[in-house]
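First up is the structure itself, then whatever we jot down about it.
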Amino acid sequence: MQLWLIPTLYAAASVAAGFLVPRLESKFLAVSLNLSTSSAQAYLSAVASGMMALTGIVFSIAFVLVQFNAVVYSPRLVVWFARDRLLFHSLGMFVATFMYSLATLAWVDRPGAQGVPFLSAAIVAAMLVASVLMLAQLVQRLNNLQIMRVLQALGDTGRQVISSTYQSSPWQASGKAARAQEQLCSARLTVKYVGNPQSVTSIDIARLVGHARRMNGLIMMECGVGDTLLEDSVILHAQCATTFVPEKELSACVHLDEQRTFEQDPKYAIRLLVDVAIKALSPAINDPTTAVQAIDQIEDLLRRLAKCDLEACRAFDEDGVLRVVHRMPTWEDYLGLAFDEIRQFGSTSIQVMRRLRAALAGLAECVGEGRAELVHAYLNHLDYGIERSSFDPQDRAAARIEDRQGLGLSHHVEAGVASPAADGKGRPVS
């Protein structure tokens with residue numbers, strides 16, 4: 001549902017209630033509030049005028065803060081903040097309270113009306129209380145724009161996406177008939193995208209498996225989640241042994257939007273965390289501590305990805321027959337996305353270099369042998385960059401020390417003995 005519909009529905013409901021409730025109350029509920037007409041009018045006028053002023057002030061502050069934090073953190077975070085449904089529900093409640101107060105005010109001292117309508121005045125009071133509660137929630141959300149809470153929220157979202165993307169699915173099973181199935185497929189269909197550039201937000205693998213089963217064929221995806229499709233971009237290739245499914249049904253399995261979303265895309269959470277880190281490392285801001293805090297979240301996401309089967313890019317039907325081959329990022333893709341830009345833009349910060357070494361050394365200990373080799377190679381690349389940097393010899397030596405705080409805790413102490421330095425692969429040096 002479009003977010004602008006939320007305040008529209010609130011406004012429409014308040015207008016309808018403003019017309020119906022006072023009339024029904026005067027006809028079926030002859031109860032008058034023990035309040036003078038002038039006092040009731042003052043009360044309703046104060047609520048109506050106050051709500052409009054509050055709406056303007058609150059949302060001016062909200063959008064200024066969102067824009068400010070987007071400049072400081074990342075422009076891609078604007079959509080994430082601006083799409084918060086609480087913002088639109090608050091706007092709807094404020095407008096509804098204003099409009100219903102006006103409708104009740106128009107009914108007070110109306111010819112033929114008996115006193116002040118009790119139910120309508122009570123509804124206005126209830127809506128005012130609800131508006132105050134929403135205001136409190138909105139202020140809390142604005143408080144969540146603090147850097148630590150933004151990083152934590154991005155990390156939490158990334159952890160949820162990793163869990164949902166790589167969790168066990170009914171189509172992820174080994175199929176012995178896969179090669180034989182490919183040989184049966186003779187006819188070939190290519191589905192291309194037509195339209196304005198849009199991003200792939202998710203792919204319905206289950207529906208694609210069903211379509212491939214109907215065709216008794218194999219579908220090979222040429223796009224992945226996060227890709228931007230342009231005119232005539234190839235979406236998929238379908239090999240068929242019987243009858244093809246219409247192109248419209250196949251392309252409908254690829255969900256598109258104007259911008260990337262977190263759905264099925266752990267890379268996007270890492271992308272935003274990296275954006276925050278490199279923005280903090282820009283000469284205009286010079287805040288390497290924020291970059292270190294972003295690396296904390298990035299390392300945690302990579303540790304969770306290290307436990308996943310990142311090569312699970314084949315989908316099988318219930319009979320174990322290969323039906324869909326789709327594109328998934330590799331461990332090397334995640335490693336480069338997480339650290340390449342931070343390494344480049346943080347090359348002049350000893351704090352960032354030390355934190356990167358600690359992150360890579362920690363990852364090397366919790367991944368398998370094949371992935372550990374890539375991590376060690378990246379460590380060597382990091383050390384090579386430090387060697388070529390403008391640091392003096394003492395700074396180069398300091399930058400090669402692993403420190404999970406960046407600056408502040410460079411040695412682990414066990415039984416009163418500090419651990420020795422580490423070599424280029426994160427191993428202790430005797």
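Identifiers for the structure tokens are assigned positionally: chains receive A, B, ... in sequence, residues are indexed from 1 per chain, and ligands are indexed from 1 in the order shown.
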Those in range 25-222 of chain A with alpha helix (DSSP H) from DSSP, as a ChimeraX atom specification: /A:25-28,37-72,77-82,85-107,118-143,147-165,178-184,205-215
Near-range 279-283 of chain A list (8 Å; only C-alpha atoms; drop same-chain fewer than 5 positions) as a VMD selection string: chain A and resid 72 to 74 288 290 to 291 345 to 346
Within 12 Å of Arg85 in chain A using only C-alpha atoms, minus same-chain residues under 4 positions, as a PyMOL selection string: chain A and resi 1-7+79-81+89-92+134+137-138+141
Every residue of range 100-239 of chain A that DSSP places in strand (DSSP E), as an MDAnalysis selection string: chainID A and resid 116:117 187:192 198:203 218:221 228:229 234:239
Please dump the current selection as a compact mmCIF listing (two decimals), in the first residue's frame; keep C-alpha atoms.
```txt
# COMPACT_ATOMS: atom_id res chain seq x y z
CA VAL A 116 -22.87 20.10 23.82
CA PRO A 117 -22.78 16.55 22.33
CA ALA A 187 13.76 -25.67 -26.57
CA ARG A 188 15.11 -22.43 -25.10
CA LEU A 189 13.34 -19.22 -24.09
CA THR A 190 14.97 -15.93 -23.10
CA VAL A 191 12.96 -13.46 -20.99
CA LYS A 192 14.07 -9.82 -21.20
CA GLN A 198 14.33 -0.75 -11.66
CA SER A 199 16.06 -2.78 -8.96
CA VAL A 200 15.44 -6.43 -8.23
CA THR A 201 14.11 -6.57 -4.67
CA SER A 202 13.35 -10.30 -4.42
CA ILE A 203 12.94 -13.43 -6.52
CA LEU A 218 15.24 -25.78 -16.18
CA ILE A 219 15.31 -22.03 -15.44
CA MET A 220 18.63 -20.18 -15.21
CA MET A 221 18.46 -16.72 -13.66
CA THR A 228 19.28 -2.88 -11.67
CA LEU A 229 17.41 -4.03 -14.76
CA VAL A 234 18.11 -10.55 -19.72
CA ILE A 235 16.11 -11.74 -16.73
CA LEU A 236 16.34 -15.51 -17.24
CA HIS A 237 16.81 -18.34 -19.68
CA ALA A 238 14.33 -21.22 -19.66
CA GLN A 239 14.98 -24.65 -21.17
```
Surrounding residues of range 16-22 of chain A excluding itself and chain neighbours under 4 positions, 8 Å, only C-alpha atoms, as a list in words: Ala12, Ser26, Met99, Tyr100, Ala103, Thr104, Trp107, Pro117, Leu119 and Ser120 of chain A
Once you have the residues from the selection above, write them out as a short mmCIF file (atom, residue, chain, number, x, y, z; two decimals), in the first residue's frame, restricted to N, CA and C atoms.
```cif
data_model
loop_
_atom_site.label_atom_id
_atom_site.label_comp_id
_atom_site.auth_asym_id
_atom_site.auth_seq_id
_atom_site.Cartn_x
_atom_site.Cartn_y
_atom_site.Cartn_z
N ALA A 12 -10.21 10.84 5.64
CA ALA A 12 -11.53 10.45 5.13
C ALA A 12 -12.41 9.90 6.25
N SER A 26 -27.42 12.95 18.29
CA SER A 26 -28.58 13.79 18.60
C SER A 26 -29.90 13.05 18.41
N MET A 99 -9.59 17.68 11.99
CA MET A 99 -10.82 17.74 11.19
C MET A 99 -12.04 17.34 12.01
N TYR A 100 -11.88 16.33 12.89
CA TYR A 100 -13.03 15.92 13.69
C TYR A 100 -13.38 17.00 14.73
N ALA A 103 -15.47 19.49 12.92
CA ALA A 103 -16.82 18.99 12.69
C ALA A 103 -17.66 19.07 13.96
N THR A 104 -17.07 18.72 15.10
CA THR A 104 -17.80 18.81 16.37
C THR A 104 -18.06 20.26 16.74
N TRP A 107 -21.05 21.61 15.13
CA TRP A 107 -22.31 21.08 15.65
C TRP A 107 -22.74 21.75 16.95
N PRO A 117 -22.72 18.01 22.48
CA PRO A 117 -22.78 16.55 22.33
C PRO A 117 -21.69 15.86 23.14
N LEU A 119 -20.81 12.49 23.36
CA LEU A 119 -20.00 11.46 22.70
C LEU A 119 -18.95 12.09 21.78
N SER A 120 -19.34 13.09 21.02
CA SER A 120 -18.40 13.73 20.09
C SER A 120 -17.26 14.41 20.85
#
```
Shell of 8 Å around Cys313 in chain A, only C-alpha atoms, local chain residues under 4 positions omitted, as a PyMOL selection string: chain A and resi 325-328
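By chain and then residue number, the residues within 9 Å of Gln297 in chain A are Leu151, Gln152, Leu154, Gly155, Asp156, Ile270 and Leu273 of chain A, counting only C-alpha atoms and disregarding those fewer than 6 positions away in sequence.
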Keeping only N, CA and C atoms, write the selected residues to a file as a short mmCIF file (atom, residue, chain, number, x, y, z; two decimals), in the first residue's frame.
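Just written: out_35.cif:
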```
data_model
loop_
_atom_site.label_atom_id
_atom_site.label_comp_id
_atom_site.auth_asym_id
_atom_site.auth_seq_id
_atom_site.Cartn_x
_atom_site.Cartn_y
_atom_site.Cartn_z
N LEU A 151 23.34 2.28 13.54
CA LEU A 151 24.19 1.13 13.24
C LEU A 151 23.59 -0.16 13.79
N GLN A 152 23.05 -0.10 15.01
CA GLN A 152 22.44 -1.28 15.60
C GLN A 152 21.21 -1.72 14.81
N LEU A 154 20.63 -1.18 11.60
CA LEU A 154 21.09 -1.77 10.35
C LEU A 154 21.62 -3.18 10.57
N GLY A 155 22.38 -3.36 11.65
CA GLY A 155 22.88 -4.69 11.97
C GLY A 155 21.76 -5.68 12.26
N ASP A 156 20.77 -5.24 13.03
CA ASP A 156 19.63 -6.13 13.34
C ASP A 156 18.89 -6.52 12.07
N ILE A 270 24.90 -4.57 4.54
CA ILE A 270 26.34 -4.32 4.59
C ILE A 270 26.68 -3.06 3.80
N LEU A 273 25.96 -0.04 5.92
CA LEU A 273 26.96 0.09 6.99
C LEU A 273 28.29 0.61 6.43
#
```
For range 59-71 of chain A: contacts at 9 Å, only C-alpha atoms, fewer than 5 positions along chain excluded, given as a ChimeraX atom specification: /A:54,76-78,81-82,87,91,138-139,142,145-147,279
Expected file contents, prior selection, N, CA, C and O atoms, as a PDB file, in the first residue's frame:
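Written out: result.pdb:
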```pdb
ATOM      1  N   LEU A  54       0.951  21.855  15.844  1.00  0.00           N
ATOM      2  CA  LEU A  54       1.806  20.735  16.230  1.00  0.00           C
ATOM      3  C   LEU A  54       2.245  19.942  15.008  1.00  0.00           C
ATOM      4  O   LEU A  54       3.412  19.530  14.901  1.00  0.00           O
ATOM      5  N   ARG A  76      21.155   6.861   0.950  1.00  0.00           N
ATOM      6  CA  ARG A  76      20.249   5.720   0.822  1.00  0.00           C
ATOM      7  C   ARG A  76      19.441   5.468   2.092  1.00  0.00           C
ATOM      8  O   ARG A  76      18.469   4.722   2.074  1.00  0.00           O
ATOM      9  N   LEU A  77      19.861   6.098   3.197  1.00  0.00           N
ATOM     10  CA  LEU A  77      19.103   5.946   4.428  1.00  0.00           C
ATOM     11  C   LEU A  77      17.873   6.840   4.469  1.00  0.00           C
ATOM     12  O   LEU A  77      17.015   6.674   5.330  1.00  0.00           O
ATOM     13  N   VAL A  78      17.781   7.817   3.543  1.00  0.00           N
ATOM     14  CA  VAL A  78      16.627   8.713   3.534  1.00  0.00           C
ATOM     15  C   VAL A  78      15.342   7.910   3.357  1.00  0.00           C
ATOM     16  O   VAL A  78      14.353   8.113   4.064  1.00  0.00           O
ATOM     17  N   PHE A  81      14.341   5.921   6.526  1.00  0.00           N
ATOM     18  CA  PHE A  81      13.712   6.737   7.559  1.00  0.00           C
ATOM     19  C   PHE A  81      12.349   7.251   7.100  1.00  0.00           C
ATOM     20  O   PHE A  81      11.380   7.251   7.858  1.00  0.00           O
ATOM     21  N   ALA A  82      12.296   7.734   5.852  1.00  0.00           N
ATOM     22  CA  ALA A  82      11.068   8.382   5.373  1.00  0.00           C
ATOM     23  C   ALA A  82       9.919   7.399   5.204  1.00  0.00           C
ATOM     24  O   ALA A  82       8.758   7.810   5.184  1.00  0.00           O
ATOM     25  N   LEU A  87       5.518   7.576  11.004  1.00  0.00           N
ATOM     26  CA  LEU A  87       5.489   8.958  10.541  1.00  0.00           C
ATOM     27  C   LEU A  87       4.153   9.272   9.874  1.00  0.00           C
ATOM     28  O   LEU A  87       3.535  10.313  10.124  1.00  0.00           O
ATOM     29  N   LEU A  91       0.939  11.578  11.182  1.00  0.00           N
ATOM     30  CA  LEU A  91       0.356  12.631  10.357  1.00  0.00           C
ATOM     31  C   LEU A  91      -1.147  12.436  10.206  1.00  0.00           C
ATOM     32  O   LEU A  91      -1.936  13.382  10.321  1.00  0.00           O
ATOM     33  N   LEU A 138       6.904   9.244  18.147  1.00  0.00           N
ATOM     34  CA  LEU A 138       7.646   9.888  17.073  1.00  0.00           C
ATOM     35  C   LEU A 138       8.929  10.518  17.588  1.00  0.00           C
ATOM     36  O   LEU A 138       9.991  10.432  16.945  1.00  0.00           O
ATOM     37  N   VAL A 139       8.867  11.147  18.746  1.00  0.00           N
ATOM     38  CA  VAL A 139      10.070  11.721  19.351  1.00  0.00           C
ATOM     39  C   VAL A 139      11.089  10.622  19.655  1.00  0.00           C
ATOM     40  O   VAL A 139      12.293  10.791  19.476  1.00  0.00           O
ATOM     41  N   LEU A 142      12.795   9.715  16.475  1.00  0.00           N
ATOM     42  CA  LEU A 142      13.807  10.714  16.138  1.00  0.00           C
ATOM     43  C   LEU A 142      15.055  10.520  16.991  1.00  0.00           C
ATOM     44  O   LEU A 142      16.179  10.737  16.531  1.00  0.00           O
ATOM     45  N   LEU A 145      17.770   8.192  15.703  1.00  0.00           N
ATOM     46  CA  LEU A 145      18.675   8.607  14.643  1.00  0.00           C
ATOM     47  C   LEU A 145      20.096   8.811  15.152  1.00  0.00           C
ATOM     48  O   LEU A 145      20.979   9.158  14.369  1.00  0.00           O
ATOM     49  N   GLN A 146      20.325   8.594  16.452  1.00  0.00           N
ATOM     50  CA  GLN A 146      21.685   8.633  16.961  1.00  0.00           C
ATOM     51  C   GLN A 146      22.515   7.546  16.273  1.00  0.00           C
ATOM     52  O   GLN A 146      22.016   6.474  15.943  1.00  0.00           O
ATOM     53  N   ILE A 147      23.795   7.815  16.092  1.00  0.00           N
ATOM     54  CA  ILE A 147      24.632   6.950  15.264  1.00  0.00           C
ATOM     55  C   ILE A 147      24.653   5.506  15.759  1.00  0.00           C
ATOM     56  O   ILE A 147      24.536   4.564  14.973  1.00  0.00           O
ATOM     57  N   LYS A 279      31.514   7.491   4.854  1.00  0.00           N
ATOM     58  CA  LYS A 279      31.100   8.884   5.040  1.00  0.00           C
ATOM     59  C   LYS A 279      31.802   9.476   6.266  1.00  0.00           C
ATOM     60  O   LYS A 279      32.252  10.624   6.248  1.00  0.00           O
TER      61      LYS A 279
END
```
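Of note, CA of Ala241 in chain A and CA of Gly210 in chain A are spaced 14.6 Å apart.
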d(CA of Tyr193 in chain A, CA of Ser233 in chain A) in Å: 5.3 Å
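Across A:Val292, A:Ala377, A:Cys308, A:Ala364, the tightest approach to Leu407 in chain A is made by A:Val292 when counting only C-alpha atoms.
Comparing A:Gln259, A:Pro393, A:Asp84, A:Ala106 by their smallest distance to Thr37 in chain A, the closest is A:Ala106 (using only C-alpha atoms).
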